[in-house]
>>> print(open('start36.pdb').read())   # PDB, C-alpha atoms
ATOM      1  CA  ILE A   1      13.496   2.635  -3.930
ATOM      2  CA  PHE A   2      12.013   0.493  -6.690
ATOM      3  CA  THR A   3      13.019  -2.686  -4.894
ATOM      4  CA  ALA A   4      11.385  -1.474  -1.666
ATOM      5  CA  ARG A   5       8.186  -0.740  -3.566
ATOM      6  CA  SER A   6       8.213  -4.175  -5.179
ATOM      7  CA  VAL A   7       8.775  -5.935  -1.859
ATOM      8  CA  GLY A   8       5.889  -3.956  -0.374
ATOM      9  CA  TYR A   9       3.726  -4.886  -3.353
ATOM     10  CA  LEU A  10       4.524  -8.568  -2.901
ATOM     11  CA  ILE A  11       3.684  -8.476   0.798
ATOM     12  CA  GLY A  12       0.497  -6.499   0.130
ATOM     13  CA  SER A  13      -0.624  -9.034  -2.444
ATOM     14  CA  ILE A  14      -0.012 -11.931  -0.072
ATOM     15  CA  VAL A  15      -1.710 -10.271   2.897
ATOM     16  CA  GLY A  16      -4.551  -8.887   0.781
ATOM     17  CA  GLY A  17      -6.210 -12.235   0.139
ATOM     18  CA  PRO A  18      -6.901 -13.143   3.771
ATOM     19  CA  LEU A  19      -7.873  -9.551   4.554
ATOM     20  CA  PHE A  20     -10.516  -9.531   1.838
ATOM     21  CA  ASP A  21     -11.818 -12.866   3.091
ATOM     22  CA  ARG A  22     -12.194 -11.539   6.615
ATOM     23  CA  PHE A  23     -13.345  -7.914   6.151
ATOM     24  CA  ASP A  24     -15.765  -6.014   3.913
ATOM     25  CA  GLY A  25     -14.099  -5.560   0.535
ATOM     26  CA  ASN A  26     -15.528  -2.141  -0.296
ATOM     27  CA  LYS A  27     -14.354  -0.605   2.962
ATOM     28  CA  LEU A  28     -10.938  -2.195   2.596
ATOM     29  CA  LEU A  29     -10.590  -0.808  -0.931
ATOM     30  CA  PHE A  30     -11.557   2.635   0.338
ATOM     31  CA  VAL A  31      -8.968   2.500   3.117
ATOM     32  CA  GLY A  32      -6.353   1.279   0.647
ATOM     33  CA  LEU A  33      -7.041   4.191  -1.707
ATOM     34  CA  ILE A  34      -6.822   6.726   1.114
ATOM     35  CA  LEU A  35      -3.561   5.261   2.432
ATOM     36  CA  THR A  36      -2.053   5.175  -1.061
ATOM     37  CA  SER A  37      -2.905   8.821  -1.653
ATOM     38  CA  ILE A  38      -1.411   9.803   1.719
ATOM     39  CA  GLY A  39       1.787   7.914   0.942
ATOM     40  CA  ILE A  40       2.106   9.463  -2.514
ATOM     41  CA  SER A  41       1.538  12.943  -1.106
ATOM     42  CA  LEU A  42       4.387  12.420   1.394
ATOM     43  CA  ILE A  43       7.017  11.652  -1.262
ATOM     44  CA  PRO A  44       7.900  15.277  -2.194
ATOM     45  CA  ILE A  45       8.573  16.327   1.402
ATOM     46  CA  VAL A  46      10.836  13.414   2.408
ATOM     47  CA  LYS A  47      14.447  14.400   3.111
ATOM     48  CA  TYR A  48      16.028  11.019   3.925
ATOM     49  CA  LEU A  49      16.573   8.117   1.577
ATOM     50  CA  TRP A  50      15.690   5.461   4.170
ATOM     51  CA  LEU A  51      12.382   7.205   4.874
ATOM     52  CA  LEU A  52      11.669   7.371   1.150
ATOM     53  CA  ALA A  53      12.289   3.615   0.949
ATOM     54  CA  VAL A  54       9.880   3.000   3.846
ATOM     55  CA  ILE A  55       7.183   5.186   2.290
ATOM     56  CA  SER A  56       7.737   3.568  -1.092
ATOM     57  CA  SER A  57       7.370   0.140   0.489
ATOM     58  CA  PHE A  58       4.163   1.288   2.186
ATOM     59  CA  ILE A  59       2.802   2.542  -1.138
ATOM     60  CA  GLY A  60       3.699  -0.795  -2.731
ATOM     61  CA  PHE A  61       1.906  -2.609   0.092
ATOM     62  CA  THR A  62      -1.289  -0.622  -0.391
ATOM     63  CA  MET A  63      -1.135  -0.981  -4.170
ATOM     64  CA  GLY A  64      -0.715  -4.756  -3.852
ATOM     65  CA  LEU A  65      -3.695  -4.779  -1.534
ATOM     66  CA  LEU A  66      -5.723  -2.744  -4.024
ATOM     67  CA  ASP A  67      -4.795  -4.954  -6.982
ATOM     68  CA  THR A  68      -5.676  -8.123  -5.102
ATOM     69  CA  GLY A  69      -8.975  -6.680  -3.938
ATOM     70  CA  GLY A  70      -9.796  -5.275  -7.349
ATOM     71  CA  ASN A  71      -9.305  -8.661  -8.966
ATOM     72  CA  VAL A  72     -11.330 -10.462  -6.331
ATOM     73  CA  ARG A  73     -14.246  -8.040  -6.088
TER      74      ARG A  73
END
>>> encode(input="start36.pdb", output="structure tokens")
Amino acid sequence: IFTARSVGYLIGSIVGGPLFDRFDGNKLLFVGLILTSIGISLIPIVKYLWLLAVISSFIGFTMGLLDTGGNVR
């Protein structure tokens, strides 16, 4: 689970740079915060380990996006 989150974070950090160059940063940060909160709220209701890994990777992706955008903005 921790590895999946870290891989998602790495991919989110890499993809975040070009996304912030192309789109409005404030709107992208807002979307990232909403998606992170949705992913975190799904964790308690997950019954399968593979689905937990996918959600954890998604949360890592959005957090990498948020960290990249927060440092740039």
>>> residues_around(input="start36.pdb", residues="A:Gly69", least_positions_apart="5", cutoff="9 Å", atoms="all atoms listed in the file", output="VMD selection string")
chain A and resid 13 16 to 17 20 25 to 26 28 to 29 64
>>> closest_residue(input="start36.pdb", among="A:Leu33, A:Met63, A:Ile45, A:Val72", to="A:Val7", atoms="all atoms listed in the file")
A:Met63
>>> resolve_selection(input="start36.pdb", expression="the PyMOL selection byres ((chain A and resi 38-40) around 12)", output="number ranges by chain")
A: 5, 31-37, 41-46, 51-63
>>> closest_residue(input="start36.pdb", among="A:Phe30, A:Tyr9, A:Phe2, A:Tyr48", to="A:Leu65", atoms="all atoms listed in the file")
A:Tyr9
>>> closest_residue(input="start36.pdb", among="A:Lys27, A:Gly12, A:Trp50, A:Asp21", to="A:Thr68", atoms="all atoms listed in the file")
A:Gly12
>>> atom_distance(input="start36.pdb", atom1="atom CA of A:Ile11", atom2="atom CA of A:Phe23")
17.9 Å
>>> closest_residue(input="start36.pdb", among="A:Gly70, A:Asp24, A:Leu49, A:Ile14", to="A:Ile1", atoms="all atoms listed in the file")
A:Leu49
>>> axis_aligned_box(input="start36.pdb", around="stretch 36-39 of chain A", padding_each_side="8 Å", output="JSON")
{"center_x": -0.6, "center_y": 7.5, "center_z": 0.0, "size_x": 20.7, "size_y": 20.6, "size_z": 19.4}
>>> decode(input="start36.pdb", residues="stretch 15-26 of chain A", atoms="all heavy atoms", output="short mmCIF file (atom, residue, chain, number, x, y, z; two decimals), in the first residue's frame")
data_model
loop_
_atom_site.label_atom_id
_atom_site.label_comp_id
_atom_site.auth_asym_id
_atom_site.auth_seq_id
_atom_site.Cartn_x
_atom_site.Cartn_y
_atom_site.Cartn_z
N VAL A 15 3.89 14.53 -13.65
CA VAL A 15 2.81 15.03 -14.52
C VAL A 15 2.36 16.42 -14.09
O VAL A 15 1.88 17.20 -14.90
CB VAL A 15 1.63 14.03 -14.49
CG1 VAL A 15 0.40 14.56 -15.19
CG2 VAL A 15 2.05 12.71 -15.10
N GLY A 16 2.55 16.75 -12.82
CA GLY A 16 2.07 18.03 -12.30
C GLY A 16 2.72 19.24 -12.94
O GLY A 16 2.06 20.26 -13.16
N GLY A 17 3.99 19.16 -13.25
CA GLY A 17 4.68 20.30 -13.86
C GLY A 17 4.06 20.75 -15.18
O GLY A 17 3.70 21.92 -15.33
N PRO A 18 3.94 19.85 -16.15
CA PRO A 18 3.31 20.25 -17.41
C PRO A 18 1.84 20.67 -17.26
O PRO A 18 1.36 21.54 -17.97
CB PRO A 18 3.42 19.01 -18.29
CG PRO A 18 4.55 18.24 -17.72
CD PRO A 18 4.56 18.53 -16.26
N LEU A 19 1.14 20.04 -16.30
CA LEU A 19 -0.26 20.44 -16.10
C LEU A 19 -0.37 21.86 -15.58
O LEU A 19 -1.26 22.61 -16.00
CB LEU A 19 -0.95 19.48 -15.13
CG LEU A 19 -1.35 18.12 -15.67
CD1 LEU A 19 -1.96 17.26 -14.57
CD2 LEU A 19 -2.32 18.27 -16.82
N PHE A 20 0.52 22.25 -14.68
CA PHE A 20 0.47 23.61 -14.16
C PHE A 20 0.97 24.63 -15.18
O PHE A 20 0.63 25.80 -15.09
CB PHE A 20 1.27 23.71 -12.86
CG PHE A 20 0.48 23.26 -11.67
CD1 PHE A 20 0.63 21.98 -11.18
CD2 PHE A 20 -0.43 24.10 -11.07
CE1 PHE A 20 -0.10 21.55 -10.10
CE2 PHE A 20 -1.17 23.69 -9.98
CZ PHE A 20 -1.01 22.40 -9.49
N ASP A 21 1.77 24.19 -16.12
CA ASP A 21 2.16 25.09 -17.21
C ASP A 21 1.01 25.34 -18.17
O ASP A 21 0.87 26.42 -18.72
CB ASP A 21 3.34 24.50 -18.00
CG ASP A 21 4.64 24.60 -17.24
OD1 ASP A 21 4.71 25.41 -16.30
OD2 ASP A 21 5.57 23.85 -17.58
N ARG A 22 0.18 24.34 -18.37
CA ARG A 22 -0.88 24.42 -19.37
C ARG A 22 -2.18 25.00 -18.83
O ARG A 22 -2.87 25.73 -19.53
CB ARG A 22 -1.14 23.03 -19.94
CG ARG A 22 -2.21 23.01 -20.98
CD ARG A 22 -2.21 21.74 -21.73
NE ARG A 22 -0.96 21.65 -22.48
CZ ARG A 22 -0.67 20.70 -23.33
NH1 ARG A 22 -1.50 19.73 -23.52
NH2 ARG A 22 0.46 20.70 -23.98
N PHE A 23 -2.56 24.66 -17.59
CA PHE A 23 -3.86 25.06 -17.05
C PHE A 23 -3.70 26.06 -15.91
O PHE A 23 -2.60 26.28 -15.41
CB PHE A 23 -4.62 23.83 -16.54
CG PHE A 23 -4.90 22.82 -17.61
CD1 PHE A 23 -4.23 21.61 -17.62
CD2 PHE A 23 -5.81 23.07 -18.61
CE1 PHE A 23 -4.47 20.67 -18.60
CE2 PHE A 23 -6.07 22.14 -19.60
CZ PHE A 23 -5.40 20.93 -19.59
N ASP A 24 -4.82 26.65 -15.50
CA ASP A 24 -4.84 27.60 -14.39
C ASP A 24 -4.47 26.88 -13.10
O ASP A 24 -5.10 25.88 -12.74
CB ASP A 24 -6.22 28.24 -14.28
CG ASP A 24 -6.29 29.28 -13.18
OD1 ASP A 24 -5.25 29.87 -12.85
OD2 ASP A 24 -7.40 29.50 -12.64
N GLY A 25 -3.49 27.39 -12.40
CA GLY A 25 -2.98 26.72 -11.21
C GLY A 25 -3.96 26.67 -10.06
O GLY A 25 -4.05 25.66 -9.36
N ASN A 26 -4.72 27.74 -9.84
CA ASN A 26 -5.66 27.75 -8.73
C ASN A 26 -6.78 26.73 -8.92
O ASN A 26 -7.16 26.04 -7.98
CB ASN A 26 -6.26 29.15 -8.56
CG ASN A 26 -5.23 30.15 -8.10
OD1 ASN A 26 -4.28 29.80 -7.42
ND2 ASN A 26 -5.41 31.40 -8.49
#
